[in-house]
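Novice: Below you'll find the structure I mean.
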2 protein chains.
Amino acid sequence: MVLENKKKANLRDVAKASGVSVATVSRVLNTPDRVSKTTRQAVQAAIDHLHFVPSAAARSINSGRSHVVGALVPTLDNAIFARFLGALESKLGEHGLSLVIATTDGDPDLEAEKAQRLVNIGAEALIVSGVTHSDAFEQLIVRTRMPTVVTSFFDPNYHYPTIGYDNAAAARMAEDFLIEKDHLQIAVLHGPTEHHDRMRARLSGLHEKAKLHNFETDLTLKGAENAVNELLSTAPETTAILCLSDVLALGALFELQRRGIRVPQDMSLMGIDDLPSSASAFPSITTIHLPAVEMGIRTADAVFEWVEHQTVPEPHLIETSLIIRQST
Amino acid sequence: MVLENKKKANLRDVAKASGVSVATVSRVLNTPDRVSKTTRQAVQAAIDHLHFVPSAAARSINSGRSHVVGALVPTLDNAIFARFLGALESKLGEHGLSLVIATTDGDPDLEAEKAQRLVNIGAEALIVSGVTHSDAFEQLIVRTRMPTVVTSFFDPNYHYPTIGYDNAAAARMAEDFLIEKDHLQIAVLHGPTEHHDRMRARLSGLHEKAKLHNFETDLTLKGAENAVNELLSTAPETTAILCLSDVLALGALFELQRRGIRVPQDMSLMGIDDLPSSASAFPSITTIHLPAVEMGIRTADAVFEWVEHQTVPEPHLIETSLIIRQST
DNA sequence: CTTGGTGATGTAACTGGTTACATGGTTGTT
DNA sequence: AACAACCATGTAACCAGTTACATCACCAAG
């Protein structure tokens, strides 16, 4: 409505309009108590009248801070990442930081590309998933000295601080539970392993006390359906299905029901992640609880300490736990 | 490893180290073909040696661009938003824009607060859900002249461009389908309506050709369970449940199964959203398809045109469609 | 009546890039 | 040989803020 045509006003314009110096205007914005009430009001009036909005770039050039951190995740479609990011964003917000998200589709090259973009927009820190990264990515981090935290994966010796789970132990915990329940033939449904260290770590955690039949498929409900159909024809002696992700477990449950196979009477079913759907499903699904929300909060705190006080975070293991439900 | 102690290098340092002017260094970065090969290599060597990384803030102060847009969404926990944001981020990336996400928990005051933060970090445009906003938010947009797009909601007369669905029509389409199937007593499960125009619009779309029993609950699987239990005791004559969100539909399905109520034989069930889980569930759930991915892509394109070419987008209706499955 | 402290404000030098304009050297054309 | 065109490069102004330091008025204490 007002002066739509005019260019944006800057500090100098406000100073001129209110008859004070630029320093005083700057003080009104940042330390209003060091300005007398009368001039403060005059300046404020000019600010309002001119629709003045301070330039974020100019501020950040002086402070050296952008108050932005970037997170690189494979996808938002998996609820486990969405939960993590939700908690991360929320906690970062409490620390006055904003979160830029970049999805990588699990592709290290795309990750490097998006990481570069995050650098270009001035992100102060990076949060990535897992330990599989391209050379371009690694070089970028070295060159820019970018504070970088790895999540979803715990490795105290990794060259960036890790905040995450022991994926191998989580998978083994699940397998041990099934073995304890006397399952000798277990189908293992898992997502793509290429570039996906988290999935590989879970697989590597399994031992061969029972006969394992591995089925790799897309990390989607549909993917689980296909895998279930395959395993029913190729490994009919299976008595339990261990899904290395709850998404697969839910998809498997649906497909088993569709085929008239009762869970847990005809087939036991187990997942890893503990998504809300596993608790609500009928039958509810036994799983390994991965505290994604806690991971988000811890990561936010660690990143904050790093960018604010240059404190490099210690690696931190997020504890997982067995949640026994009806599907086993 | 290298010179960990030194402060960050800037353009002047690089110029000095390579014996050229700042202008030449700047050209090496932006228009390398306008610099002779020999000096380009010398400058590049200095850049590498000094670990020089150009300051995003300084660039953006000159260009007036931050290449960042912000999205304000109620939550990431609902897959419909996660899908939308995933598509949005991906398409924005193709346009060279980064996406900052801010969750509002459906609270207009928190939304205003986070919107202010997005302004402070220099976002070039804002993307919000729905039309319920606080005065503080509205004033912020007016004052900053921030390009703002409303999603998930279509209203050609709204004071910001809207890109979204006709929520009322979607709900009516669902209701009409159930009525056509001779359901005369329909339970309507919906999420919180306070501040939630999208949910209110869906409710408002319903007409009273059948007897409707409304149940408000949390927009979660657990919320649906509670509502189902309530409706079974208070409205036992119900023959169909219309859930105004697929999250509720899935939770309702689980609870009905838990209670031994067969879908669709004993009770028909219908949702709105068309999440992947509705297609895979057993029985698969009849729903109204809301193209969240298309909405994300269209929104990304619209925002890009706005910030790049000052083209204010036209309001755009995203078409919804009935997906008939087994649950009805 | 002078000295000292305090509070409010202004001046100008920063921050780290981009870019208009100026300069000088090389090649091309008639 | 002379003039134009072009290329590579440098100088310095500019973007929009912050802030160290200087200035000045005012009041109280010695």
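Residue numbers start at 1 in each chain; chains themselves are named A, B, ... in the order of the structure tokens; ligands are numbered from 1 in the order shown.
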Using only C-alpha atoms, find which residues of chain B lie within 6 Å of chain A and jot them down as a ChimeraX atom specification.
Specialist: /B:51,56-58,60-61,76-77,82-83,86,99-100,120-122,143,254,258,281-282
Novice: Any idea which chain C residues end up within 7 Å of chain B if we count only C-alpha atoms (C1' of nucleotides), as a ChimeraX atom specification please?
Specialist: /C:16-18
Novice: Hey, what's within 8 Å of segment 200-217 of chain B if we count only C-alpha atoms (C1' of nucleotides) and toss same-chain stuff fewer than 4 positions away? As a CSV table (one decimal) with C-alpha atoms, in the first residue's frame, please?
Specialist:
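Saved result, selection.csv, follows:
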chain,number,residue,atom,x,y,z
B,167,ASN,CA,-10.5,-29.3,1.1
B,168,ALA,CA,-14.2,-28.9,1.4
B,169,ALA,CA,-14.8,-30.5,-2.0
B,170,ALA,CA,-12.4,-33.3,-1.2
B,171,ALA,CA,-14.4,-34.1,2.0
B,172,ARG,CA,-17.6,-33.9,0.2
B,175,GLU,CA,-18.9,-38.3,1.9
B,179,ILE,CA,-23.7,-42.1,0.8
B,183,HIS,CA,-24.3,-45.5,4.4
B,184,LEU,CA,-26.8,-43.5,6.4
B,185,GLN,CA,-24.9,-43.3,9.7
B,186,ILE,CA,-21.4,-42.0,9.2
B,187,ALA,CA,-18.8,-41.3,11.9
B,188,VAL,CA,-16.5,-38.5,11.0
B,189,LEU,CA,-13.1,-38.6,12.6
B,190,HIS,CA,-11.1,-35.4,12.4
B,191,GLY,CA,-8.1,-33.7,13.9
B,192,PRO,CA,-8.1,-30.6,16.0
B,193,THR,CA,-10.0,-27.7,14.4
B,196,HIS,CA,-6.5,-25.6,11.6
B,223,GLY,CA,-5.8,-40.5,18.5
B,224,ALA,CA,-7.7,-42.5,16.0
B,226,ASN,CA,-9.3,-43.4,21.1
B,227,ALA,CA,-11.9,-42.0,18.7
B,231,LEU,CA,-17.6,-43.9,18.6
B,235,ALA,CA,-22.7,-44.3,18.1
B,244,LEU,CA,-10.6,-36.6,7.4
Novice: Which residues of chain D are close to chain B, meaning at most 8 Å apart when you count only C-alpha atoms (C1' of nucleotides), and how do they look as a PyMOL selection string?
Specialist: chain D and resi 8-10+15-16
Novice: Quick one: pull the distance between atom CA of Leu317 of chain B and atom CA of Asp166 of chain B, Å, one decimal.
Specialist: 7.1 Å
Novice: List as a list in words the protein and nucleic acid residues near DT6 of chain C, meaning an atom at most 10 Å away when only C-alpha atoms (C1' of nucleotides) are counted, but skip any in the same chain fewer than 2 places from it.
Specialist: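 Selected residues are DG4 and DA8 of chain C; DC26 and DC27 of chain D.
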Novice: Those selected residues, please, written with N, CA and C atoms (P, O5', C5', C4', C3', O3' and C1' of nucleotides) and delivered as a short mmCIF file (atom, residue, chain, number, x, y, z; two decimals), in the first residue's frame.
Specialist:
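Wrote it out as out35.cif, contents follow:
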data_model
loop_
_atom_site.label_atom_id
_atom_site.label_comp_id
_atom_site.auth_asym_id
_atom_site.auth_seq_id
_atom_site.Cartn_x
_atom_site.Cartn_y
_atom_site.Cartn_z
P DG C 4 41.02 15.33 36.65
"O5'" DG C 4 39.66 14.55 36.86
"C5'" DG C 4 39.13 14.39 38.18
"C4'" DG C 4 37.84 13.58 38.10
"C3'" DG C 4 37.85 12.50 37.01
"O3'" DG C 4 37.23 11.34 37.54
"C1'" DG C 4 36.04 13.97 36.65
P DA C 8 21.57 7.87 28.16
"O5'" DA C 8 21.98 8.76 26.91
"C5'" DA C 8 21.61 10.13 26.88
"C4'" DA C 8 22.09 10.76 25.59
"C3'" DA C 8 21.70 9.99 24.33
"O3'" DA C 8 21.12 10.91 23.42
"C1'" DA C 8 24.02 10.40 24.35
P DC D 26 23.68 21.15 28.25
"O5'" DC D 26 23.76 20.28 29.57
"C5'" DC D 26 23.22 18.95 29.56
"C4'" DC D 26 23.69 18.23 30.80
"C3'" DC D 26 23.61 19.08 32.09
"O3'" DC D 26 22.71 18.47 32.99
"C1'" DC D 26 25.68 17.91 31.94
P DC D 27 22.10 19.30 34.23
"O5'" DC D 27 22.78 18.57 35.46
"C5'" DC D 27 22.78 17.14 35.52
"C4'" DC D 27 23.86 16.68 36.47
"C3'" DC D 27 23.91 17.47 37.78
"O3'" DC D 27 23.74 16.58 38.87
"C1'" DC D 27 26.08 17.26 36.81
#
Novice: Mind checking DSSP for segment 210-265 of chain A and telling me the strand (DSSP E or B) residues as a compact mmCIF listing (two decimals) with N, CA and C atoms, in the first residue's frame?
Specialist:
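states-v4.txt, freshly written:
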# COMPACT_ATOMS: atom_id res chain seq x y z
N LYS A 211 19.48 -70.13 10.53
CA LYS A 211 19.65 -70.04 9.09
C LYS A 211 18.98 -68.76 8.61
N LEU A 212 19.77 -67.90 7.99
CA LEU A 212 19.24 -66.60 7.55
C LEU A 212 19.04 -66.59 6.05
N HIS A 213 17.91 -66.07 5.63
CA HIS A 213 17.64 -65.88 4.20
C HIS A 213 17.52 -64.39 3.95
N ASN A 214 18.44 -63.83 3.19
CA ASN A 214 18.44 -62.37 2.99
C ASN A 214 17.63 -61.96 1.76
N PHE A 215 16.86 -60.92 1.92
CA PHE A 215 16.10 -60.35 0.81
C PHE A 215 16.29 -58.84 0.80
N GLU A 216 16.89 -58.37 -0.27
CA GLU A 216 17.08 -56.92 -0.40
C GLU A 216 15.97 -56.34 -1.25
N ALA A 240 10.09 -66.92 10.77
CA ALA A 240 10.10 -65.54 11.29
C ALA A 240 10.71 -64.62 10.25
N ILE A 241 10.20 -63.39 10.21
CA ILE A 241 10.75 -62.39 9.30
C ILE A 241 11.33 -61.27 10.15
N LEU A 242 12.61 -61.02 9.96
CA LEU A 242 13.25 -59.90 10.64
C LEU A 242 13.44 -58.79 9.61
N CYS A 243 12.74 -57.68 9.83
CA CYS A 243 12.86 -56.55 8.91
C CYS A 243 13.82 -55.54 9.53
Novice: Just list the residues in segment 217-277 of chain B DSSP gives helix (DSSP H, G or I) on the backbone, as number ranges by chain.
Specialist: B: 221-234, 246-258, 276-277
Novice: Rounded to one decimal place, report the atom CA of Phe304 of chain B-atom CA of Asp33 of chain B distance in Å.
Specialist: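 Result for atom CA of Phe304 of chain B versus atom CA of Asp33 of chain B: 28.1 Å, one decimal.
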